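Here's run_31.cif, which has mmCIF, C-alpha atoms:
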```
data_protein
#
loop_
_atom_site.label_atom_id
_atom_site.label_comp_id
_atom_site.auth_asym_id
_atom_site.auth_seq_id
_atom_site.Cartn_x
_atom_site.Cartn_y
_atom_site.Cartn_z
CA MET A 209 -13.49 0.26 20.94
CA SER A 210 -10.65 2.81 20.85
CA ARG A 211 -8.22 2.82 17.94
CA PRO A 212 -4.56 3.55 18.75
CA GLU A 213 -4.06 5.43 15.48
CA ASP A 214 -6.63 8.02 16.64
CA THR A 215 -4.52 9.05 19.63
CA LEU A 216 -0.82 8.37 19.00
CA ALA A 217 1.64 8.11 16.14
CA ALA A 218 2.64 4.53 15.35
CA ASP A 219 6.24 4.94 16.50
CA VAL A 220 5.02 6.37 19.81
CA HIS A 221 2.29 3.80 20.39
CA TYR A 222 4.50 0.81 19.60
CA ASP A 223 7.14 1.39 22.26
CA ASP A 224 9.16 -1.45 23.82
CA THR A 225 6.25 -2.59 26.01
CA GLU A 226 3.62 -2.59 23.25
CA ALA A 227 6.01 -4.25 20.78
CA ARG A 228 6.56 -7.14 23.21
CA LYS A 229 2.85 -7.47 23.98
CA TYR A 230 1.97 -7.48 20.27
CA THR A 231 4.59 -10.05 19.35
CA THR A 232 4.00 -12.50 22.22
CA SER A 233 0.19 -12.55 21.99
CA SER A 234 -0.86 -15.94 20.59
CA ARG A 235 -4.13 -14.43 19.38
CA ILE A 236 -2.33 -11.75 17.37
CA GLN A 237 0.16 -14.29 16.03
CA ASN A 238 -2.68 -16.49 14.72
CA ILE A 239 -4.56 -13.55 13.17
CA GLN A 240 -1.40 -12.18 11.57
CA ALA A 241 -0.48 -15.57 10.13
CA SER A 242 -3.98 -16.09 8.73
CA MET A 243 -4.08 -12.68 7.05
CA THR A 244 -0.56 -13.06 5.64
CA ARG A 245 -1.46 -16.42 4.09
CA ARG A 246 -4.57 -14.83 2.61
CA ALA A 247 -2.45 -12.03 1.15
CA LEU A 248 -0.09 -14.60 -0.37
CA GLU A 249 -3.06 -16.42 -1.88
CA LEU A 250 -4.13 -13.19 -3.55
CA LEU A 251 -0.60 -12.43 -4.75
CA ASP A 252 -0.56 -15.88 -6.40
CA LEU A 253 3.23 -16.01 -6.72
CA LYS A 254 4.45 -18.98 -8.77
CA SER A 255 8.15 -18.78 -7.92
CA PRO A 256 10.47 -17.38 -5.22
CA SER A 257 10.02 -13.61 -5.25
CA PHE A 258 11.50 -10.45 -3.77
CA ILE A 259 8.78 -8.99 -1.55
CA LEU A 260 8.39 -5.70 0.32
CA ASP A 261 6.66 -6.10 3.70
CA ILE A 262 5.10 -2.69 4.48
CA GLY A 263 4.63 -2.06 8.19
CA CYS A 264 6.50 -5.28 8.93
CA GLY A 265 6.50 -4.72 12.71
CA SER A 266 8.35 -7.45 14.57
CA GLY A 267 8.49 -9.76 11.54
CA LEU A 268 5.42 -11.95 12.14
CA SER A 269 4.37 -11.68 8.48
CA GLY A 270 7.94 -12.01 7.26
CA GLU A 271 8.30 -15.38 8.95
CA ILE A 272 5.39 -16.66 6.87
CA LEU A 273 7.05 -15.39 3.69
CA SER A 274 10.33 -17.12 4.57
CA ASP A 275 8.57 -20.39 5.33
CA VAL A 276 6.59 -20.77 2.08
CA PRO A 277 7.60 -24.22 0.76
CA GLN A 278 9.14 -24.69 -2.66
CA ASP A 279 6.11 -26.53 -4.06
CA GLU A 280 4.00 -23.44 -3.25
CA GLY A 281 6.33 -20.98 -4.99
CA GLY A 282 8.63 -20.14 -2.09
CA PRO A 283 10.61 -19.48 -0.11
CA HIS A 284 10.53 -15.74 -0.66
CA VAL A 285 13.17 -13.10 0.10
CA TRP A 286 11.80 -10.01 1.78
CA VAL A 287 12.59 -6.53 3.03
CA GLY A 288 10.51 -5.07 5.83
CA MET A 289 9.96 -1.39 6.53
CA ASP A 290 8.38 0.05 9.67
CA ILE A 291 8.25 3.35 11.54
CA SER A 292 8.65 1.83 15.02
CA PRO A 293 12.24 1.33 16.25
CA SER A 294 10.92 -0.86 19.05
CA MET A 295 9.13 -3.17 16.63
CA LEU A 296 12.22 -3.50 14.44
CA ASP A 297 14.41 -4.09 17.50
CA THR A 298 12.07 -6.93 18.50
CA ALA A 299 12.37 -8.35 14.98
CA LEU A 300 16.17 -8.27 15.28
CA GLN A 301 16.02 -10.06 18.64
CA ARG A 302 13.83 -12.72 17.03
CA ASP A 303 16.47 -13.15 14.29
CA VAL A 304 14.05 -12.88 11.36
CA GLU A 305 15.44 -13.66 7.92
CA GLY A 306 14.42 -10.45 6.14
CA ASP A 307 16.31 -7.17 5.92
CA LEU A 308 14.80 -4.38 8.02
CA PHE A 309 14.42 -0.69 7.21
CA LEU A 310 13.32 2.11 9.55
CA ALA A 311 11.08 4.48 7.60
CA ASP A 312 7.75 6.30 7.62
CA ILE A 313 5.66 5.01 4.71
CA GLY A 314 3.78 8.32 4.75
CA GLN A 315 6.98 9.90 3.42
CA GLY A 316 7.13 7.46 0.50
CA VAL A 317 8.74 4.13 -0.37
CA PRO A 318 12.48 4.88 -0.80
CA PHE A 319 13.61 2.09 -3.09
CA ARG A 320 14.87 2.02 -6.66
CA ALA A 321 12.14 1.84 -9.31
CA GLY A 322 11.09 -1.72 -10.16
CA SER A 323 12.94 -3.28 -7.21
CA PHE A 324 10.24 -5.65 -5.98
CA ASP A 325 8.19 -8.44 -7.51
CA ALA A 326 5.41 -7.95 -4.99
CA ALA A 327 4.44 -6.28 -1.73
CA ILE A 328 2.23 -7.06 1.24
CA SER A 329 0.97 -4.97 4.12
CA ILE A 330 -0.93 -6.32 7.10
CA SER A 331 -2.89 -3.95 9.37
CA ALA A 332 -0.74 -0.91 8.60
CA ILE A 333 -1.97 1.51 5.95
CA GLN A 334 -4.96 2.78 7.96
CA TRP A 335 -2.37 4.68 10.04
CA LEU A 336 -1.82 6.92 7.00
CA CYS A 337 -5.31 8.38 7.46
CA ASN A 338 -4.05 10.24 10.53
CA ALA A 339 -1.60 13.14 10.23
CA GLU A 340 0.67 13.73 13.22
CA THR A 341 1.79 17.25 12.29
CA SER A 342 0.08 20.34 10.94
CA ASP A 343 2.18 20.41 7.76
CA THR A 344 0.96 17.02 6.53
CA THR A 345 -2.46 15.71 5.61
CA PRO A 346 -3.80 12.15 5.23
CA SER A 347 -4.24 12.69 1.48
CA THR A 348 -0.61 13.80 1.15
CA ARG A 349 0.68 10.83 3.13
CA LEU A 350 -1.47 8.38 1.14
CA SER A 351 -0.33 9.93 -2.14
CA ARG A 352 3.35 9.70 -1.21
CA PHE A 353 2.94 6.10 -0.11
CA PHE A 354 1.04 4.78 -3.13
CA ASN A 355 3.13 6.73 -5.65
CA GLY A 356 6.30 5.35 -4.05
CA LEU A 357 4.90 1.82 -3.90
CA TYR A 358 3.84 1.97 -7.55
CA ALA A 359 7.33 3.01 -8.58
CA SER A 360 9.07 0.37 -6.46
CA LEU A 361 7.16 -2.55 -8.03
CA LYS A 362 8.19 -4.04 -11.34
CA ARG A 363 5.82 -3.96 -14.32
CA GLY A 364 3.22 -6.68 -13.78
CA GLY A 365 3.90 -6.71 -10.03
CA ARG A 366 1.21 -6.99 -7.39
CA ALA A 367 0.57 -5.75 -3.89
CA VAL A 368 -1.98 -6.81 -1.29
CA CYS A 369 -2.75 -4.47 1.60
CA GLN A 370 -4.97 -5.71 4.42
CA PHE A 371 -6.28 -2.80 6.44
CA TYR A 372 -8.88 -1.74 8.99
CA PRO A 373 -10.56 1.50 7.91
CA LYS A 374 -12.33 3.50 10.59
CA ASN A 375 -15.27 4.18 8.29
CA ASP A 376 -16.33 4.30 4.64
CA VAL A 377 -14.65 7.69 4.22
CA GLN A 378 -11.26 6.21 5.09
CA LYS A 379 -11.90 3.19 2.88
CA GLN A 380 -12.71 5.44 -0.07
CA MET A 381 -9.75 7.72 0.68
CA ILE A 382 -7.32 4.80 0.63
CA THR A 383 -8.66 3.11 -2.50
CA ALA A 384 -8.91 6.41 -4.38
CA ALA A 385 -5.27 7.22 -3.59
CA ALA A 386 -4.18 3.83 -4.92
CA VAL A 387 -6.11 4.25 -8.16
CA LYS A 388 -4.83 7.81 -8.60
CA ALA A 389 -1.26 6.51 -8.29
CA GLY A 390 -1.87 4.27 -11.31
CA PHE A 391 -2.75 0.93 -9.75
CA GLY A 392 -5.47 -1.38 -10.92
CA ALA A 393 -7.36 -2.04 -7.68
CA GLY A 394 -9.78 -4.62 -6.36
CA LEU A 395 -11.29 -4.42 -2.89
CA LEU A 396 -12.04 -7.80 -1.31
CA GLU A 397 -14.02 -8.35 1.91
CA ASP A 398 -13.57 -11.49 4.00
CA ASP A 399 -16.25 -12.28 6.59
CA PRO A 400 -18.49 -9.39 5.47
CA ASN A 401 -21.23 -8.08 7.77
CA THR A 402 -19.47 -9.43 10.85
CA LYS A 403 -17.30 -7.80 13.51
CA ASN A 404 -14.39 -9.82 12.07
CA VAL A 405 -14.62 -8.33 8.58
CA LYS A 406 -11.24 -7.96 6.90
CA LEU A 407 -10.53 -5.78 3.87
CA TYR A 408 -7.86 -6.58 1.29
CA LEU A 409 -6.82 -4.05 -1.33
CA VAL A 410 -5.45 -6.03 -4.28
CA LEU A 411 -3.26 -3.89 -6.53
CA THR A 412 -1.58 -4.49 -9.90
CA VAL A 413 1.02 -2.47 -11.79
CA GLY A 414 -0.13 -2.69 -15.38
CA LYS A 415 -0.65 -6.10 -16.92
CA ASP A 416 1.24 -9.21 -15.97
CA ALA A 417 4.15 -9.55 -18.37
CA THR A 418 3.77 -13.33 -18.50
CA ASN A 419 0.07 -13.71 -19.24
CA GLY A 420 -1.19 -10.22 -20.09
CA LYS A 421 -3.75 -10.22 -17.27
CA ASP A 422 -4.66 -7.26 -15.11
CA ILE A 423 -6.63 -6.80 -11.89
CA SER A 424 -9.83 -8.21 -13.41
CA ALA A 425 -8.16 -11.60 -13.80
CA VAL A 426 -6.56 -11.51 -10.35
CA VAL A 427 -9.93 -11.41 -8.57
CA GLU A 428 -12.10 -13.23 -11.09
CA ASN A 429 -14.59 -15.72 -9.63
CA MET A 430 -14.23 -14.15 -6.17
CA ASP A 431 -17.40 -13.10 -4.38
CA GLY A 432 -17.77 -9.65 -2.87
CA VAL A 433 -15.05 -7.95 -4.90
CA ASP A 434 -15.34 -4.40 -6.18
CA ILE A 435 -12.98 -3.69 -9.08
CA LEU A 436 -11.80 -0.10 -9.01
CA ASP A 437 -9.64 -0.02 -12.14
CA GLN A 438 -9.73 3.53 -13.52
CA ARG A 439 -6.48 3.44 -15.47
CA LYS A 440 -8.03 3.25 -18.94
CA LYS A 441 -10.23 6.28 -18.43
CA GLY A 442 -9.08 9.40 -20.23
CA LYS A 443 -7.59 7.59 -23.24
CA GLY A 444 -10.34 8.34 -25.67
CA GLY A 445 -13.99 9.23 -26.15
CA LYS A 446 -15.79 11.56 -23.77
CA GLY A 447 -13.28 10.99 -20.99
CA GLU A 448 -10.27 12.14 -23.01
CA ILE A 449 -8.01 14.69 -21.31
CA LYS A 450 -7.11 17.52 -23.65
CA LYS A 451 -3.38 18.05 -24.09
CA GLY A 452 -2.23 21.21 -22.34
CA SER A 453 -5.27 21.37 -20.05
CA LYS A 454 -4.95 21.59 -16.27
CA GLY A 455 -5.94 17.92 -15.91
CA TRP A 456 -3.31 16.91 -18.47
CA ILE A 457 -0.62 18.95 -16.69
CA ILE A 458 -1.51 17.48 -13.28
CA LYS A 459 -1.41 13.96 -14.74
CA LYS A 460 2.05 14.60 -16.20
CA LYS A 461 3.25 15.96 -12.86
CA GLU A 462 2.04 12.82 -11.08
CA GLN A 463 3.86 10.66 -13.62
CA MET A 464 7.07 12.62 -13.03
CA GLU A 465 6.68 12.34 -9.22
CA ARG A 466 6.32 8.56 -9.52
CA LYS A 467 9.67 8.56 -11.35
CA GLY A 468 11.25 10.47 -8.48
CA LYS A 469 11.40 13.81 -10.27
CA ILE A 470 10.88 17.11 -8.44
CA VAL A 471 7.98 19.15 -9.85
CA LYS A 472 6.42 22.47 -8.94
CA ALA A 473 3.37 22.36 -6.65
CA THR A 474 -0.05 22.56 -8.29
CA SER A 475 -1.86 25.84 -7.66
CA LYS A 476 -4.84 27.81 -8.93
CA TYR A 477 -2.55 29.13 -11.68
CA THR A 478 -1.66 25.67 -13.03
CA GLY A 479 -2.81 25.36 -16.64
CA ARG A 480 -4.14 28.92 -16.75
CA LYS A 481 -3.68 30.60 -20.13
CA ARG A 482 -1.30 33.53 -20.16
CA ARG A 483 -2.38 36.90 -21.50
CA ILE A 484 -0.74 37.95 -24.71
CA ALA A 485 1.96 40.54 -23.96
CA PHE A 486 2.15 43.52 -26.31
#
```
I'd like the structure from this file rewritten - as structure tokens, please.
Amino acid sequence: MSRPEDTLAADVHYDDTEARKYTTSSRIQNIQASMTRRALELLDLKSPSFILDIGCGSGLSGEILSDVPQDEGGPHVWVGMDISPSMLDTALQRDVEGDLFLADIGQGVPFRAGSFDAAISISAIQWLCNAETSDTTPSTRLSRFFNGLYASLKRGGRAVCQFYPKNDVQKQMITAAAVKAGFGAGLLEDDPNTKNVKLYLVLTVGKDATNGKDISAVVENMDGVDILDQRKKGKGGKGEIKKGSKGWIIKKKEQMERKGKIVKATSKYTGRKRRIAF
């Protein structure tokens, strides 16, 4: 079956006609609602929260967030960002309750650091594995997205991204970019070994400030979960990064980029020792 992300950019594919078809399809509505509820289950929010809906489209997921009852921790306030003007226009016509923001997530997540309690994304981030122009690459777009998302979430915040990778290479590319950005990551499969398999990338920003738990606790007792938490590597023992080395410099640059600082591009000269000048 053809994949739209292999042929067109998201804002081109989801024109007025496709946006209407997507939003009015009862099958898509049911699938979207089911996956959003699953994402909320994984977020495990105990009180009304400020949530970023990444690739919000016409607001199908946002409606679920707004309708979470009080006894289940809701209702939540949300901001949705999407690259398709037609999708956002459809959301406005449907009078959704969230605020809407036109943006390309491959260019980053342009919000103040620590703005959101949590984030969800339903069927969107696989689009980042395709670059529409010659001056961008999937790895660059994924890096900008996950670095920006990491910065926009408060300490102890969580994100759940449901996505449809084309193959194992894309799956690894996406999860590796999330871990490199600093997230603790768990990859959960629903309905494995079927044509309806759904992948959920469960992400945490450090440990939860209220109970000190990290990604391991988020997905404990769940079957079929791979924990991809690499954050503690490099803090001691054989994996320690030597101060002043190229790896150390690159790590510091990534930390600065997550804080919104402008740093020089990494090159073959990064970390190279200078000759002594006489």
* Asked: Quick one: residues within 12 Å of A:Thr232, only C-alpha atoms counted, chain neighbours fewer than 6 positions away excluded, as a PyMOL selection string?
  -> chain A and resi 225-226+238+240+266-268+298-299+302
Selection above as a file: C-alpha atoms, as an mmCIF file, in the frame of the given file:
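Result file selection.cif:
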```cif
data_model
loop_
_atom_site.group_PDB
_atom_site.id
_atom_site.type_symbol
_atom_site.label_atom_id
_atom_site.label_comp_id
_atom_site.auth_asym_id
_atom_site.auth_seq_id
_atom_site.Cartn_x
_atom_site.Cartn_y
_atom_site.Cartn_z
ATOM 1 C CA THR A 225 6.250 -2.590 26.010
ATOM 2 C CA GLU A 226 3.620 -2.590 23.250
ATOM 3 C CA ASN A 238 -2.680 -16.490 14.720
ATOM 4 C CA GLN A 240 -1.400 -12.180 11.570
ATOM 5 C CA SER A 266 8.350 -7.450 14.570
ATOM 6 C CA GLY A 267 8.490 -9.760 11.540
ATOM 7 C CA LEU A 268 5.420 -11.950 12.140
ATOM 8 C CA THR A 298 12.070 -6.930 18.500
ATOM 9 C CA ALA A 299 12.370 -8.350 14.980
ATOM 10 C CA ARG A 302 13.830 -12.720 17.030
#
```
* Asked: Looking at only C-alpha atoms, which of A:Thr383, A:Gln370, A:Thr412, A:Ser255 is the one that sits closest to A:Asp279?
  ->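 Result for the nearest residue to A:Asp279: A:Ser255.
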* Report as a PyMOL selection string the full result of the PyMOL selection byres ((chain A and resi 354-361) around 8) when it is applied to this structure. => chain A and resi 316-327+350-353+362-363+365-366+385-386+389-391+413+465-467
How about saving the chosen residues, C-alpha atoms kept, as a short mmCIF file (atom, residue, chain, number, x, y, z; two decimals), in the coordinates of the input?
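Just written: part.cif:
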```
data_model
loop_
_atom_site.label_atom_id
_atom_site.label_comp_id
_atom_site.auth_asym_id
_atom_site.auth_seq_id
_atom_site.Cartn_x
_atom_site.Cartn_y
_atom_site.Cartn_z
CA GLY A 316 7.13 7.46 0.50
CA VAL A 317 8.74 4.13 -0.37
CA PRO A 318 12.48 4.88 -0.80
CA PHE A 319 13.61 2.09 -3.09
CA ARG A 320 14.87 2.02 -6.66
CA ALA A 321 12.14 1.84 -9.31
CA GLY A 322 11.09 -1.72 -10.16
CA SER A 323 12.94 -3.28 -7.21
CA PHE A 324 10.24 -5.65 -5.98
CA ASP A 325 8.19 -8.44 -7.51
CA ALA A 326 5.41 -7.95 -4.99
CA ALA A 327 4.44 -6.28 -1.73
CA LEU A 350 -1.47 8.38 1.14
CA SER A 351 -0.33 9.93 -2.14
CA ARG A 352 3.35 9.70 -1.21
CA PHE A 353 2.94 6.10 -0.11
CA LYS A 362 8.19 -4.04 -11.34
CA ARG A 363 5.82 -3.96 -14.32
CA GLY A 365 3.90 -6.71 -10.03
CA ARG A 366 1.21 -6.99 -7.39
CA ALA A 385 -5.27 7.22 -3.59
CA ALA A 386 -4.18 3.83 -4.92
CA ALA A 389 -1.26 6.51 -8.29
CA GLY A 390 -1.87 4.27 -11.31
CA PHE A 391 -2.75 0.93 -9.75
CA VAL A 413 1.02 -2.47 -11.79
CA GLU A 465 6.68 12.34 -9.22
CA ARG A 466 6.32 8.56 -9.52
CA LYS A 467 9.67 8.56 -11.35
#
```
* Å distance separating atom CA of A:Leu260 from atom CA of A:Ser331, one decimal place -> 14.6 Å
* **From A:Pro346, A:Glu249, A:Leu308, A:Ser453, residue lying nearest A:Trp286 [all atoms listed in the file]** =>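 For A:Trp286, the nearest of the given residues is A:Leu308.
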* To do: Can you work out the spacing between atom CA of A:Asp307 and atom CA of A:Glu213 in Å, to one decimal?
  =>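 We find that atom CA of A:Asp307 and atom CA of A:Glu213 lie 25.8 Å from each other.
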Residues within 12 Å of A:Tyr477, please, as a PDB file with C-alpha atoms, keeping the file's coordinate frame. Count only C-alpha atoms; anything in the same chain fewer than 3 positions from it doesn't count.
```pdb
ATOM      1  CA  SER A 453      -5.270  21.370 -20.050  1.00  0.00           C
ATOM      2  CA  LYS A 454      -4.950  21.590 -16.270  1.00  0.00           C
ATOM      3  CA  ILE A 457      -0.620  18.950 -16.690  1.00  0.00           C
ATOM      4  CA  ILE A 458      -1.510  17.480 -13.280  1.00  0.00           C
ATOM      5  CA  LYS A 472       6.420  22.470  -8.940  1.00  0.00           C
ATOM      6  CA  ALA A 473       3.370  22.360  -6.650  1.00  0.00           C
ATOM      7  CA  THR A 474      -0.050  22.560  -8.290  1.00  0.00           C
ATOM      8  CA  ARG A 480      -4.140  28.920 -16.750  1.00  0.00           C
ATOM      9  CA  LYS A 481      -3.680  30.600 -20.130  1.00  0.00           C
ATOM     10  CA  ARG A 482      -1.300  33.530 -20.160  1.00  0.00           C
TER      11      ARG A 482
END
```
